[in-house]
Each structure stands twice: as C-alpha cells, then as structure tokens.
2 protein chains.
Amino acid sequence: MEQELPIFESVFSVDCVIFGFEEGVLKVLLIERNEPPFKDWWALPGYLVEPNEGIDEAAQRILFKFTGLKDIFLEQLYTFGDVDRHPQGRLITIAYYAMMRLNGKKDLKPSSAFVKKAFWCPVSDVPQLAFDHTQIFEKSLQKIRRKISYSPIAFELLPEKFTLTQLQNLYEAILNKKLDKRNFRKKMLNYGILKELNEKQQGVSYRAAAYYKFDRRKYNKLFQKELSFMKEDDAGH
Amino acid sequence: MEQELPIFESVFSVDCVIFGFEEGVLKVLLIERNEPPFKDWWALPGYLVEPNEGIDEAAQRILFKFTGLKDIFLEQLYTFGDVDRHPQGRLITIAYYAMMRLNGKKDLKPSSAFVKKAFWCPVSDVPQLAFDHTQIFEKSLQKIRRKISYSPIAFELLPEKFTLTQLQNLYEAILNKKLDKRNFRKKMLNYGILKELNEKQQGVSYRAAAYYKFDRRKYNKLFQKELSFMKEDDAGH
DNA sequence: TCAAAAGTGTTTTACCTACACCCATGA
DNA sequence: TCATGGGTGTAGGTAAAACACTTTTGA
C-alpha cells in the first residue's frame with residue numbers, strides 16, 4: 001500500500017548569519033555572489049540542501065564551501081518562504097545563525113564558484129542584500145540581542161583571553177547602548193563563570209587590564225540549573 | 001539570462017500545534033488521520049503547502065480545513081527536516097503554534113477527507129503521534145512554557161471574564177508546578193493589565209470570586225515598552 | 001605630568017519568596 | 001455549621017540602578 005504513495009522531494013535552501021567581533025566592532029559574514037540571480041550582489045552564505053542531507057549538516061557544509069569555516073555551532077533561526085522571495089520560483093530558505101571567535105581564523109577561503117569572495121562586514125554598514133537577506137539578517141540581530149540579555153553567550157565571540165572592558169564593549173556593540181562599568185563588572189563577576197588569569201595587558205600606555213578566561217565548566221553548571229528551573233517536574237509527580 | 005535559470009518548486013508541509021485550556025486542563029488539538037501513511041494514527045493537523053501560498057496563510061488554511069478553526073494567531077516555531085521523518089521521501093515541515101480560547105467554539109468540524117476527526121487531547125495524555133509529531137509537540141510545549149515566563153500571554157487561553165484562580169490554574173498547568181497564591185496575585189495585579197469587573201461568580205457553594213478582564217490597551221503599552229527596552233537606540237545616536 | 005583607561009563601594013529601590021489566617025457562600 | 005475555595009500583608013533577601021574618584025602605565 002504505502003509503496004504506491006507518491007514520493008516527495010523537498011527543494012529548499014539554508015542561509016547562514018555568522019556574527020563576529022573584531023576591533024570593537026560587531027560584524028557579519030557576507031559573500032559576494034558570482035552567479036545569477038543577484039550576481040555581484042552581497043548576500044548571506046547559503047545554498048540548496050541536498051536530498052539526503054539533514055538541514056543542520058547542510059548548513060555546516062554550505063558554510064564551509066562558501067567561506068572555509070568549519071565546526072561552527074549553528075542554530076536554526078526561522079524559515080522564510082514568501083512566494084516571491086526568489087526570482088527562480090518558490091524556494092523557501094531556512095536561516096541559521098552563529099556567533100564565532102575571530103582570533104586568527106580571519107582568512108576566509110571560499111571553495112565554490114558561486115562565490116567571488118567572503119568577508120566580514122560591520123553590522124552597521126550592511127547594505128541592501130540579495131533576495132530577502134536583509135530581512136533575515138535583521139531578524140538574526142534581534143535574536144542575538146535578546147539572547148545575550150538572558151544568557152551570557154557573548155564569550156563565543158571573544159578570544160580565549162579577554163579583558164572585562166572588551167567584554168563590555170561587545171555587549172554594548174550588540175545591544176547598541178552604553179552600560180555602566182561598575183554594574184557590568186559586578187554582575188559578570190557575580191555569575192562566577194569568569195576566571196581571572198595571572199596575566200595583564202602588555203605595552204599599553206595606560207594601566208594594564210587583567211585578562212580573564214571563560215570557565216565553561218561553571219557556565220554549563222549554572223546554565224543547566226537555570227534551564228531546569230523553567231522545566232517541568234519541579235513540583236509535579 | 002535570468003529566464004534561462006532553472007525553476008524551483010519547493011514541496012513542504014506545515015503542522016500546527018494548537019493549545020487550549022478547558023476544565024483546568026491544558027489541551028492540544030489533534031486529528032485522527034484517515035489516509036496513509038499513518039492511517040488511523042493521531043497526529044498534529046498539517047498538510048502540504050500550495051506553490052503560490054505564503055507559509056503563514058497555508059497554516060491558516062490547513063488548520064481551517066482540518067478543524068474548522070479560523071483566524072487563529074499562529075506563530076512559527078521551528079522547521080523539522082530529518083531525512084527520514086516522512087516515509088514518502090524527503091519532506092520538511094514548518095511547525096506553527098498557537099494558544100486559543102475555547103469558550104463555545106468547541107465544535108471542531110474538519111472538512112477534509114484526510115481527517116477522520118479533530119479533538120482536544122490533554123497534554124499529559126498525548127500518545128505516540130504520527131511522523132515526528134511527538135517531537136514537534138514537545139518542542140511547542142517547551143516554547144509556551146518559556147514564553148509565559150517572560151510575557152503574560154496566558155490570557156489568550158482564557159475566556160473574556162476569568163477569576164484570578166483560573167488564571168493561576170492555567171499558569172500551573174503550563175508550567176507544571178504549584179505557585180504561591182498571594183505572590184501570584186500580587187504580581188499579576190501589579191502589572192496593571194487586569195481590570196476588575198463588578199461581577200462575581202454565581203451559584204458557587206463558597207465565597208464567589210471576582211471576575212477580571214484582560215486590558216489589552218495597557219498590555220500593549222507595557223509590552224511595547226519592554227520590547228523597546230531591548231531594542232537599539234536607547235542611548236546611541 | 002599628562003592622557004587614557006583600569007579598577008573599585010555604597011545607597012536606594014524594586015522585586016521575589018516564604019508564610020497563615022479570616023471571609024463569604026450554598027449545601 | 002460545615003466544607004470549600006476567595007482573599008489578604010509583612011518581613012527578609014537578592015538583584016538592579018545610579019553615581020565619582022583613585023590608580024596605573026607609557027609617552
């Protein structure tokens with residue numbers, strides 16, 4: 001019986017919004033397209049998903065092909081499917097986002113003919129993008145803003161060692177507002193997920209700042225607890 | 001040039017997770033399937049999206065056909081696309097969720113031959129569902145749990161007039177834990193989004209409770225402010 | 001000695017939590 | 001008069017917000 005049913009084949013794409021932080025500026029990873037439609041336009045890295053490929057894996061694969069980046073923790077954001085979003089017909093796209101550390105790995109090496117180049121663009125300078133990518137980009141920005149407000153994921157964007165001022169600058173860049181230095185430090189240190197290193201900045205012409213390191217062990221413990229607080233089974237059963 | 005490009009046609013489905021609250025119990029809207037695959041199984045209402053149909057509209061249309069419900073505020077939840085989630089091939093599905101008021105509109109009238117019946121099932125009694133619908137259902141539950149913790153959307157589920165105890169019961173049903181009565185009332189009344197009516201319960205064999213009404217005007221004002229607090233432009237520029 | 005950023009505490013306010021008794025009603 | 005749920009207040013703790021000066025460093 002079931003053998004006689006029609007066989008479906010979904011055609012759809014994924015697009016990736018990758019955020020980075022460099023020189024105190026929040027940036028997003030864009031590509032310059034090398035193929036029509038929207039040839040020569042800037043766009044988010046994204047492409048069609050293969051028939052036998054999971055969506056998450058597809059996002060990983062395409063991101064690697066288009067930028068050379070590997071093993072990025074991508075999270076699904078939203079699916080965009082306006083009927084006219086793509087000039088070649090009805091093509092829906094599943095958007096993913098990620099935050100990544102830019103220490104060293106600045107060299108973006110696309111290995112796809114579809115891409116002329118890949119580069120980091122300050123989020124405040126993002127021009128009109130191909131397709132509905134501007135919309136996708138903006139939704140991601142909102143997402144990470146909300147997210148850092150309830151979970152200290154900002155560390156993902158910083159180098160291993162960082163100063164509290166760098167951390168604050170990052171928060172300010174994402175939230176696009178000034179924060180109070182004393183309150184910020186108090187709060188961050190209170191979480192107990194930062195480990196102060198015996199190391200200070202070198203060669204700065206002002207008082208050298210202490211370096212801190214993110215304590216992933218404690219972070220996981222804390223975050224697990226906070227999550228389970230929201231979950232069922234606190235009282236029931 | 002662009003005319004020569006291939007034409008895409010996405011094939012994909014939507015599934016709807018609709019929550020309701022009745023007799024102090026949180027329920028989810030299920031259907032009994034009348035067609036293979038998974039004939040006679042219980043499932044979430046969902047079906048294929050038409051080529052020229054927006055995704056949100058498709059969700060509305062399919063929900064109506066499968067249940068008779070109209071004008072429900074559906075929000076996109078997540079897209080599920082495991083390669084083997086559907087026996088007829090690679091078919092991804094976009095899940096939507098909604099909370100709805102059940103006063104009166106209990107009569108579910110499917111107008112599709114794909115559906116044997118539609119009915120409300122207590123969330124604690126949901127059995128194994130067709131496809132990956134159990135997974136989808138569970139993700140929706142998590143979502144509304146998180147959501148009522150930061151935004152008092154629970155009103156959507158209650159009748160126009162309700163007592164504070166009914167409201168508390170709803171919170172307890174969603175969060176699956178007991179809440180303190182005094183603290184709960186204090187907090188809810190402090191929001192200033194409840195209007196006490198000059199009306200009490202009738203014919204109960206205990207002290208009659210006051211009825212309250214949700215003040216959407218004030219809710220919007222408050223919620224707008226809270227949202228804009230998160231958004232850019234508080235300090236910058 | 002200057003410029004520039006690092007680093008540091010206190011007070012006030014709002015909110016969350018825990019907790020126990022009297023009140024109104026119909027049966 | 002009893003059973004049932006409605007309704008109320010206070011005290012202690014914790015977290016957020018506002019706010020300004022001293023310290024260190026290299027140039």
# chains A, B, ... in the order shown; residues from 1 in each chain; ligands from 1
>>> interface_residues(of="chain A", to="chain D", cutoff="7 Å", atoms="only C-alpha atoms (C1' of nucleotides)", output="VMD selection string")
chain A and resid 204 to 208
>>> write_last_selection(atoms="N, CA, C and O atoms", output="PDB file, in the first residue's frame")
ATOM      1  N   VAL A 204      50.556  48.693  26.858  1.00  0.00           N
ATOM      2  CA  VAL A 204      49.552  49.738  26.668  1.00  0.00           C
ATOM      3  C   VAL A 204      49.972  50.964  27.466  1.00  0.00           C
ATOM      4  O   VAL A 204      50.592  50.841  28.511  1.00  0.00           O
ATOM      5  N   SER A 205      49.643  52.112  26.974  1.00  0.00           N
ATOM      6  CA  SER A 205      50.121  53.331  27.616  1.00  0.00           C
ATOM      7  C   SER A 205      49.108  53.817  28.653  1.00  0.00           C
ATOM      8  O   SER A 205      48.806  54.989  28.736  1.00  0.00           O
ATOM      9  N   TYR A 206      48.552  52.867  29.335  1.00  0.00           N
ATOM     10  CA  TYR A 206      47.663  53.194  30.454  1.00  0.00           C
ATOM     11  C   TYR A 206      47.682  51.969  31.355  1.00  0.00           C
ATOM     12  O   TYR A 206      48.289  50.946  31.009  1.00  0.00           O
ATOM     13  N   ARG A 207      47.031  52.047  32.441  1.00  0.00           N
ATOM     14  CA  ARG A 207      47.020  50.923  33.382  1.00  0.00           C
ATOM     15  C   ARG A 207      46.593  49.637  32.678  1.00  0.00           C
ATOM     16  O   ARG A 207      45.529  49.571  32.053  1.00  0.00           O
ATOM     17  N   ALA A 208      47.432  48.601  32.833  1.00  0.00           N
ATOM     18  CA  ALA A 208      47.154  47.366  32.108  1.00  0.00           C
ATOM     19  C   ALA A 208      45.974  46.631  32.735  1.00  0.00           C
ATOM     20  O   ALA A 208      45.864  46.530  33.966  1.00  0.00           O
TER      21      ALA A 208
END
>>> interface_residues(of="chain A", to="chain C", cutoff="12 Å", atoms="only C-alpha atoms (C1' of nucleotides)", output="list of chain:residue names")
A:Thr163, A:Leu164, A:Thr165, A:Gln166, A:Lys181, A:Arg182, A:Asn183, A:Arg185, A:Lys186, A:Lys200, A:Gln201, A:Val204, A:Ser205, A:Tyr206, A:Arg207, A:Ala208, A:Ala209, A:Ala210, A:Tyr211
>>> write_last_selection(atoms="C-alpha atoms", output="compact mmCIF listing (two decimals), in the first residue's frame")
# COMPACT_ATOMS: atom_id res chain seq x y z
CA THR A 163 39.61 41.94 29.46
CA LEU A 164 36.40 42.98 31.14
CA THR A 165 36.38 46.11 29.05
CA GLN A 166 36.48 44.08 25.86
CA LYS A 181 31.04 49.95 34.03
CA ARG A 182 30.77 49.17 37.72
CA ASN A 183 27.43 47.43 37.47
CA ARG A 185 31.65 44.16 36.16
CA LYS A 186 29.84 43.38 39.37
CA LYS A 200 47.89 41.55 32.21
CA GLN A 201 47.88 43.54 29.05
CA VAL A 204 49.55 49.74 26.67
CA SER A 205 50.12 53.33 27.62
CA TYR A 206 47.66 53.19 30.45
CA ARG A 207 47.02 50.92 33.38
CA ALA A 208 47.15 47.37 32.11
CA ALA A 209 43.93 45.43 32.39
CA ALA A 210 43.73 41.92 33.80
CA TYR A 211 42.92 39.09 31.43
>>> interface_residues(of="chain A", to="chain B", cutoff="7 Å", atoms="only C-alpha atoms", output="JSON list (two decimals) with N, CA and C atoms, in the first residue's frame")
[["chain", "number", "residue", "atom", "x", "y", "z"],
["A", 2, "GLU", "N", 1.67, 1.31, 1.02],
["A", 2, "GLU", "CA", 2.44, 2.54, 1.17],
["A", 2, "GLU", "C", 3.42, 2.73, 0.02],
["A", 5, "LEU", "N", 2.28, 5.21, -2.71],
["A", 5, "LEU", "CA", 2.13, 6.65, -2.44],
["A", 5, "LEU", "C", 3.16, 7.43, -3.23],
["A", 6, "PRO", "N", 2.84, 8.65, -3.59],
["A", 6, "PRO", "CA", 3.82, 9.46, -4.32],
["A", 6, "PRO", "C", 5.05, 9.74, -3.47],
["A", 7, "ILE", "N", 6.14, 9.98, -4.16],
["A", 7, "ILE", "CA", 7.38, 10.29, -3.46],
["A", 7, "ILE", "C", 7.61, 11.80, -3.49],
["A", 8, "PHE", "N", 7.86, 12.36, -2.33],
["A", 8, "PHE", "CA", 8.11, 13.79, -2.24],
["A", 8, "PHE", "C", 9.60, 14.07, -2.38],
["A", 9, "GLU", "N", 9.88, 15.23, -2.90],
["A", 9, "GLU", "CA", 11.25, 15.70, -2.82],
["A", 9, "GLU", "C", 11.27, 17.20, -2.54],
["A", 10, "SER", "N", 11.63, 17.55, -1.35],
["A", 10, "SER", "CA", 11.68, 18.96, -0.98],
["A", 10, "SER", "C", 12.87, 19.63, -1.64],
["A", 11, "VAL", "N", 12.66, 20.80, -2.17],
["A", 11, "VAL", "CA", 13.76, 21.63, -2.62],
["A", 11, "VAL", "C", 13.73, 22.89, -1.77],
["A", 12, "PHE", "N", 14.82, 23.15, -1.14],
["A", 12, "PHE", "CA", 14.87, 24.33, -0.27],
["A", 12, "PHE", "C", 16.33, 24.65, 0.01],
["A", 36, "PRO", "N", 24.23, 34.43, -11.29],
["A", 36, "PRO", "CA", 22.87, 34.95, -11.24],
["A", 36, "PRO", "C", 21.97, 33.98, -10.50],
["A", 37, "PRO", "N", 20.84, 34.39, -9.96],
["A", 37, "PRO", "CA", 20.43, 35.80, -9.92],
["A", 37, "PRO", "C", 21.21, 36.58, -8.86],
["A", 51, "PRO", "N", 19.20, 16.30, -1.26],
["A", 51, "PRO", "CA", 18.05, 15.48, -0.88],
["A", 51, "PRO", "C", 18.28, 14.57, 0.32],
["A", 52, "ASN", "N", 19.51, 14.08, 0.47],
["A", 52, "ASN", "CA", 19.74, 13.14, 1.55],
["A", 52, "ASN", "C", 20.57, 13.72, 2.68],
["A", 53, "GLU", "N", 20.35, 14.98, 2.91],
["A", 53, "GLU", "CA", 21.20, 15.70, 3.84],
["A", 53, "GLU", "C", 20.31, 16.32, 4.92],
["A", 54, "GLY", "N", 20.67, 16.14, 6.17],
["A", 54, "GLY", "CA", 19.96, 16.83, 7.24],
["A", 54, "GLY", "C", 20.15, 18.34, 7.10],
["A", 55, "ILE", "N", 19.23, 19.08, 7.65],
["A", 55, "ILE", "CA", 19.29, 20.53, 7.46],
["A", 55, "ILE", "C", 20.48, 21.12, 8.19],
["A", 78, "TYR", "N", 14.83, 30.74, 11.75],
["A", 78, "TYR", "CA", 13.48, 30.97, 11.22],
["A", 78, "TYR", "C", 13.48, 30.50, 9.78],
["A", 79, "THR", "N", 12.29, 30.19, 9.28],
["A", 79, "THR", "CA", 12.17, 29.80, 7.88],
["A", 79, "THR", "C", 11.42, 30.87, 7.11],
["A", 81, "GLY", "N", 9.70, 32.14, 3.62],
["A", 81, "GLY", "CA", 9.10, 31.49, 2.45],
["A", 81, "GLY", "C", 8.12, 32.36, 1.69],
["A", 82, "ASP", "N", 8.33, 33.65, 1.66],
["A", 82, "ASP", "CA", 7.46, 34.48, 0.84],
["A", 82, "ASP", "C", 7.46, 33.95, -0.58],
["A", 83, "VAL", "N", 6.29, 33.98, -1.19],
["A", 83, "VAL", "CA", 6.14, 33.37, -2.51],
["A", 83, "VAL", "C", 7.11, 33.98, -3.52],
["A", 88, "GLN", "N", 13.63, 32.64, -9.08],
["A", 88, "GLN", "CA", 13.53, 31.39, -9.82],
["A", 88, "GLN", "C", 12.38, 30.51, -9.35],
["A", 89, "GLY", "N", 11.43, 31.10, -8.65],
["A", 89, "GLY", "CA", 10.28, 30.30, -8.25],
["A", 89, "GLY", "C", 10.12, 30.22, -6.75],
["A", 90, "ARG", "N", 9.30, 29.31, -6.34],
["A", 90, "ARG", "CA", 9.01, 29.17, -4.93],
["A", 90, "ARG", "C", 10.14, 28.41, -4.27],
["A", 91, "LEU", "N", 10.96, 29.12, -3.56],
["A", 91, "LEU", "CA", 12.06, 28.48, -2.85],
["A", 91, "LEU", "C", 12.09, 29.00, -1.43],
["A", 92, "ILE", "N", 11.86, 28.12, -0.50],
["A", 92, "ILE", "CA", 11.93, 28.57, 0.89],
["A", 92, "ILE", "C", 13.34, 28.37, 1.39],
["A", 146, "ARG", "N", 18.34, 39.66, 22.00],
["A", 146, "ARG", "CA", 17.51, 39.08, 23.05],
["A", 146, "ARG", "C", 18.31, 38.01, 23.79],
["A", 175, "LEU", "N", 24.05, 45.28, 21.95],
["A", 175, "LEU", "CA", 22.82, 45.92, 22.42],
["A", 175, "LEU", "C", 22.67, 47.33, 21.88],
["A", 176, "ASN", "N", 23.75, 47.85, 21.37],
["A", 176, "ASN", "CA", 23.77, 49.22, 20.84],
["A", 176, "ASN", "C", 23.37, 50.23, 21.89],
["A", 177, "LYS", "N", 23.91, 50.05, 23.09],
["A", 177, "LYS", "CA", 23.74, 51.09, 24.10],
["A", 177, "LYS", "C", 24.86, 51.01, 25.13],
["A", 178, "LYS", "N", 25.07, 52.11, 25.82],
["A", 178, "LYS", "CA", 26.12, 52.18, 26.83],
["A", 178, "LYS", "C", 25.67, 51.47, 28.10],
["A", 230, "MET", "N", 13.12, 26.23, 34.67],
["A", 230, "MET", "CA", 11.98, 26.52, 33.81],
["A", 230, "MET", "C", 11.22, 25.25, 33.46],
["A", 232, "GLU", "N", 9.55, 21.38, 33.56],
["A", 232, "GLU", "CA", 8.55, 20.67, 34.34],
["A", 232, "GLU", "C", 9.20, 19.99, 35.53],
["A", 233, "ASP", "N", 8.38, 19.25, 36.27],
["A", 233, "ASP", "CA", 8.89, 18.33, 37.28],
["A", 233, "ASP", "C", 9.54, 18.98, 38.47],
["A", 234, "ASP", "N", 9.33, 20.29, 38.63],
["A", 234, "ASP", "CA", 9.86, 20.88, 39.85],
["A", 234, "ASP", "C", 9.00, 20.45, 41.03],
["A", 235, "ALA", "N", 7.71, 20.48, 40.81],
["A", 235, "ALA", "CA", 6.80, 20.13, 41.89],
["A", 235, "ALA", "C", 6.01, 18.87, 41.56],
["A", 236, "GLY", "N", 5.59, 18.80, 40.34],
["A", 236, "GLY", "CA", 4.66, 17.74, 39.93],
["A", 236, "GLY", "C", 5.17, 16.34, 40.19]]
>>> residues_around(residues="Ala43 of chain B", least_positions_apart="5", cutoff="8 Å", atoms="only C-alpha atoms (C1' of nucleotides)", output="list of chain:residue names")
B:Leu30, B:Ile31, B:Glu32, B:Arg33, B:Leu129, B:Ala130, B:Phe131, B:His133
>>> atom_distance(atom1="atom CA of Cys121 of chain B", atom2="atom CA of Leu26 of chain B")
8.4 Å
>>> closest_residue(among="A:Trp42, A:Phe214, A:Phe19, A:Trp120", to="Arg101 of chain A", atoms="only C-alpha atoms")
A:Phe19
>>> atom_distance(atom1="atom CA of Glu57 of chain A", atom2="atom CA of Tyr97 of chain A")
13.5 Å
>>> closest_residue(among="A:Ser124, A:Asn220, A:Thr67, A:Ser151", to="Val25 of chain A", atoms="only C-alpha atoms")
A:Ser124
>>> select_by_dssp(residues="segment 23-201 of chain A", states="strand (DSSP E)", output="PyMOL selection string")
chain A and resi 25-33+42-43+46-48+75-80+89-90+92-100+115-122+161-162+194-200
>>> select_by_dssp(residues="segment 4-198 of chain B", states="helix (DSSP H, G or I)", output="number ranges by chain")
B: 4, 55-67, 123-125, 133-150, 153-157, 164-175, 181-191
>>> atom_distance(atom1="atom CA of Val126 of chain A", atom2="atom CA of Lys139 of chain A")
13.6 Å
>>> residues_around(residues="Gly46 of chain A", least_positions_apart="3", cutoff="8 Å", atoms="only C-alpha atoms (C1' of nucleotides)", output="list of chain:residue names")
A:Ser13, A:Val14, A:Asp15, A:Cys16, A:Ala59, A:Ile62, A:Leu63, A:Phe66
>>> decode(residues="segment 198-210 of chain A", atoms="all heavy atoms", output="PDB file, in the first residue's frame")
ATOM      1  N   ASN A 198      46.603  35.242  35.733  1.00  0.00           N
ATOM      2  CA  ASN A 198      47.740  35.997  36.288  1.00  0.00           C
ATOM      3  C   ASN A 198      48.478  36.725  35.172  1.00  0.00           C
ATOM      4  O   ASN A 198      49.682  36.640  35.049  1.00  0.00           O
ATOM      5  CB  ASN A 198      48.708  35.057  36.997  1.00  0.00           C
ATOM      6  CG  ASN A 198      48.076  34.420  38.200  1.00  0.00           C
ATOM      7  OD1 ASN A 198      47.192  35.022  38.835  1.00  0.00           O
ATOM      8  ND2 ASN A 198      48.483  33.206  38.499  1.00  0.00           N
ATOM      9  N   GLU A 199      47.726  37.401  34.395  1.00  0.00           N
ATOM     10  CA  GLU A 199      48.325  37.969  33.201  1.00  0.00           C
ATOM     11  C   GLU A 199      47.645  39.293  32.939  1.00  0.00           C
ATOM     12  O   GLU A 199      46.432  39.429  33.115  1.00  0.00           O
ATOM     13  CB  GLU A 199      48.067  37.002  32.039  1.00  0.00           C
ATOM     14  CG  GLU A 199      49.038  37.139  30.906  1.00  0.00           C
ATOM     15  CD  GLU A 199      48.709  36.171  29.784  1.00  0.00           C
ATOM     16  OE1 GLU A 199      48.045  35.156  30.044  1.00  0.00           O
ATOM     17  OE2 GLU A 199      49.112  36.472  28.639  1.00  0.00           O
ATOM     18  N   LYS A 200      48.457  40.245  32.506  1.00  0.00           N
ATOM     19  CA  LYS A 200      47.894  41.550  32.206  1.00  0.00           C
ATOM     20  C   LYS A 200      48.247  41.967  30.792  1.00  0.00           C
ATOM     21  O   LYS A 200      49.100  41.380  30.158  1.00  0.00           O
ATOM     22  CB  LYS A 200      48.442  42.599  33.201  1.00  0.00           C
ATOM     23  CG  LYS A 200      47.875  42.455  34.601  1.00  0.00           C
ATOM     24  CD  LYS A 200      48.375  43.576  35.490  1.00  0.00           C
ATOM     25  CE  LYS A 200      47.909  43.377  36.925  1.00  0.00           C
ATOM     26  NZ  LYS A 200      46.445  43.419  37.071  1.00  0.00           N
ATOM     27  N   GLN A 201      47.548  42.980  30.353  1.00  0.00           N
ATOM     28  CA  GLN A 201      47.879  43.538  29.047  1.00  0.00           C
ATOM     29  C   GLN A 201      49.332  43.997  29.042  1.00  0.00           C
ATOM     30  O   GLN A 201      49.876  44.368  30.074  1.00  0.00           O
ATOM     31  CB  GLN A 201      46.990  44.744  28.749  1.00  0.00           C
ATOM     32  CG  GLN A 201      45.570  44.395  28.365  1.00  0.00           C
ATOM     33  CD  GLN A 201      44.752  45.642  28.130  1.00  0.00           C
ATOM     34  OE1 GLN A 201      44.834  46.592  28.901  1.00  0.00           O
ATOM     35  NE2 GLN A 201      43.965  45.640  27.070  1.00  0.00           N
ATOM     36  N   GLN A 202      49.954  43.981  27.870  1.00  0.00           N
ATOM     37  CA  GLN A 202      51.347  44.401  27.735  1.00  0.00           C
ATOM     38  C   GLN A 202      51.432  45.598  26.806  1.00  0.00           C
ATOM     39  O   GLN A 202      50.729  45.665  25.805  1.00  0.00           O
ATOM     40  CB  GLN A 202      52.183  43.265  27.115  1.00  0.00           C
ATOM     41  CG  GLN A 202      52.210  41.998  27.941  1.00  0.00           C
ATOM     42  CD  GLN A 202      53.103  42.112  29.161  1.00  0.00           C
ATOM     43  OE1 GLN A 202      54.023  42.929  29.173  1.00  0.00           O
ATOM     44  NE2 GLN A 202      52.842  41.317  30.171  1.00  0.00           N
ATOM     45  N   GLY A 203      52.290  46.517  27.192  1.00  0.00           N
ATOM     46  CA  GLY A 203      52.621  47.600  26.282  1.00  0.00           C
ATOM     47  C   GLY A 203      51.525  48.601  25.986  1.00  0.00           C
ATOM     48  O   GLY A 203      51.569  49.288  24.973  1.00  0.00           O
ATOM     49  N   VAL A 204      50.556  48.693  26.858  1.00  0.00           N
ATOM     50  CA  VAL A 204      49.552  49.738  26.668  1.00  0.00           C
ATOM     51  C   VAL A 204      49.972  50.964  27.466  1.00  0.00           C
ATOM     52  O   VAL A 204      50.592  50.841  28.511  1.00  0.00           O
ATOM     53  CB  VAL A 204      48.153  49.269  27.113  1.00  0.00           C
ATOM     54  CG1 VAL A 204      47.594  48.269  26.132  1.00  0.00           C
ATOM     55  CG2 VAL A 204      48.202  48.677  28.511  1.00  0.00           C
ATOM     56  N   SER A 205      49.643  52.112  26.974  1.00  0.00           N
ATOM     57  CA  SER A 205      50.121  53.331  27.616  1.00  0.00           C
ATOM     58  C   SER A 205      49.108  53.817  28.653  1.00  0.00           C
ATOM     59  O   SER A 205      48.806  54.989  28.736  1.00  0.00           O
ATOM     60  CB  SER A 205      50.352  54.404  26.563  1.00  0.00           C
ATOM     61  OG  SER A 205      49.118  54.888  26.111  1.00  0.00           O
ATOM     62  N   TYR A 206      48.552  52.867  29.335  1.00  0.00           N
ATOM     63  CA  TYR A 206      47.663  53.194  30.454  1.00  0.00           C
ATOM     64  C   TYR A 206      47.682  51.969  31.355  1.00  0.00           C
ATOM     65  O   TYR A 206      48.289  50.946  31.009  1.00  0.00           O
ATOM     66  CB  TYR A 206      46.248  53.505  29.960  1.00  0.00           C
ATOM     67  CG  TYR A 206      45.695  52.505  28.982  1.00  0.00           C
ATOM     68  CD1 TYR A 206      45.154  51.298  29.411  1.00  0.00           C
ATOM     69  CD2 TYR A 206      45.740  52.777  27.618  1.00  0.00           C
ATOM     70  CE1 TYR A 206      44.655  50.392  28.508  1.00  0.00           C
ATOM     71  CE2 TYR A 206      45.247  51.852  26.706  1.00  0.00           C
ATOM     72  CZ  TYR A 206      44.703  50.657  27.153  1.00  0.00           C
ATOM     73  OH  TYR A 206      44.229  49.747  26.250  1.00  0.00           O
ATOM     74  N   ARG A 207      47.031  52.047  32.441  1.00  0.00           N
ATOM     75  CA  ARG A 207      47.020  50.923  33.382  1.00  0.00           C
ATOM     76  C   ARG A 207      46.593  49.637  32.678  1.00  0.00           C
ATOM     77  O   ARG A 207      45.529  49.571  32.053  1.00  0.00           O
ATOM     78  CB  ARG A 207      46.049  51.247  34.500  1.00  0.00           C
ATOM     79  CG  ARG A 207      45.945  50.160  35.517  1.00  0.00           C
ATOM     80  CD  ARG A 207      45.148  50.644  36.700  1.00  0.00           C
ATOM     81  NE  ARG A 207      44.966  49.612  37.681  1.00  0.00           N
ATOM     82  CZ  ARG A 207      44.335  49.816  38.831  1.00  0.00           C
ATOM     83  NH1 ARG A 207      43.836  51.015  39.107  1.00  0.00           N
ATOM     84  NH2 ARG A 207      44.206  48.851  39.690  1.00  0.00           N
ATOM     85  N   ALA A 208      47.432  48.601  32.833  1.00  0.00           N
ATOM     86  CA  ALA A 208      47.154  47.366  32.108  1.00  0.00           C
ATOM     87  C   ALA A 208      45.974  46.631  32.735  1.00  0.00           C
ATOM     88  O   ALA A 208      45.864  46.530  33.966  1.00  0.00           O
ATOM     89  CB  ALA A 208      48.385  46.468  32.128  1.00  0.00           C
ATOM     90  N   ALA A 209      45.108  46.144  31.900  1.00  0.00           N
ATOM     91  CA  ALA A 209      43.933  45.427  32.388  1.00  0.00           C
ATOM     92  C   ALA A 209      44.247  43.955  32.595  1.00  0.00           C
ATOM     93  O   ALA A 209      45.073  43.386  31.898  1.00  0.00           O
ATOM     94  CB  ALA A 209      42.782  45.573  31.393  1.00  0.00           C
ATOM     95  N   ALA A 210      43.556  43.347  33.553  1.00  0.00           N
ATOM     96  CA  ALA A 210      43.726  41.920  33.805  1.00  0.00           C
ATOM     97  C   ALA A 210      42.996  41.128  32.729  1.00  0.00           C
ATOM     98  O   ALA A 210      41.939  41.539  32.243  1.00  0.00           O
ATOM     99  CB  ALA A 210      43.153  41.567  35.176  1.00  0.00           C
TER     100      ALA A 210
END
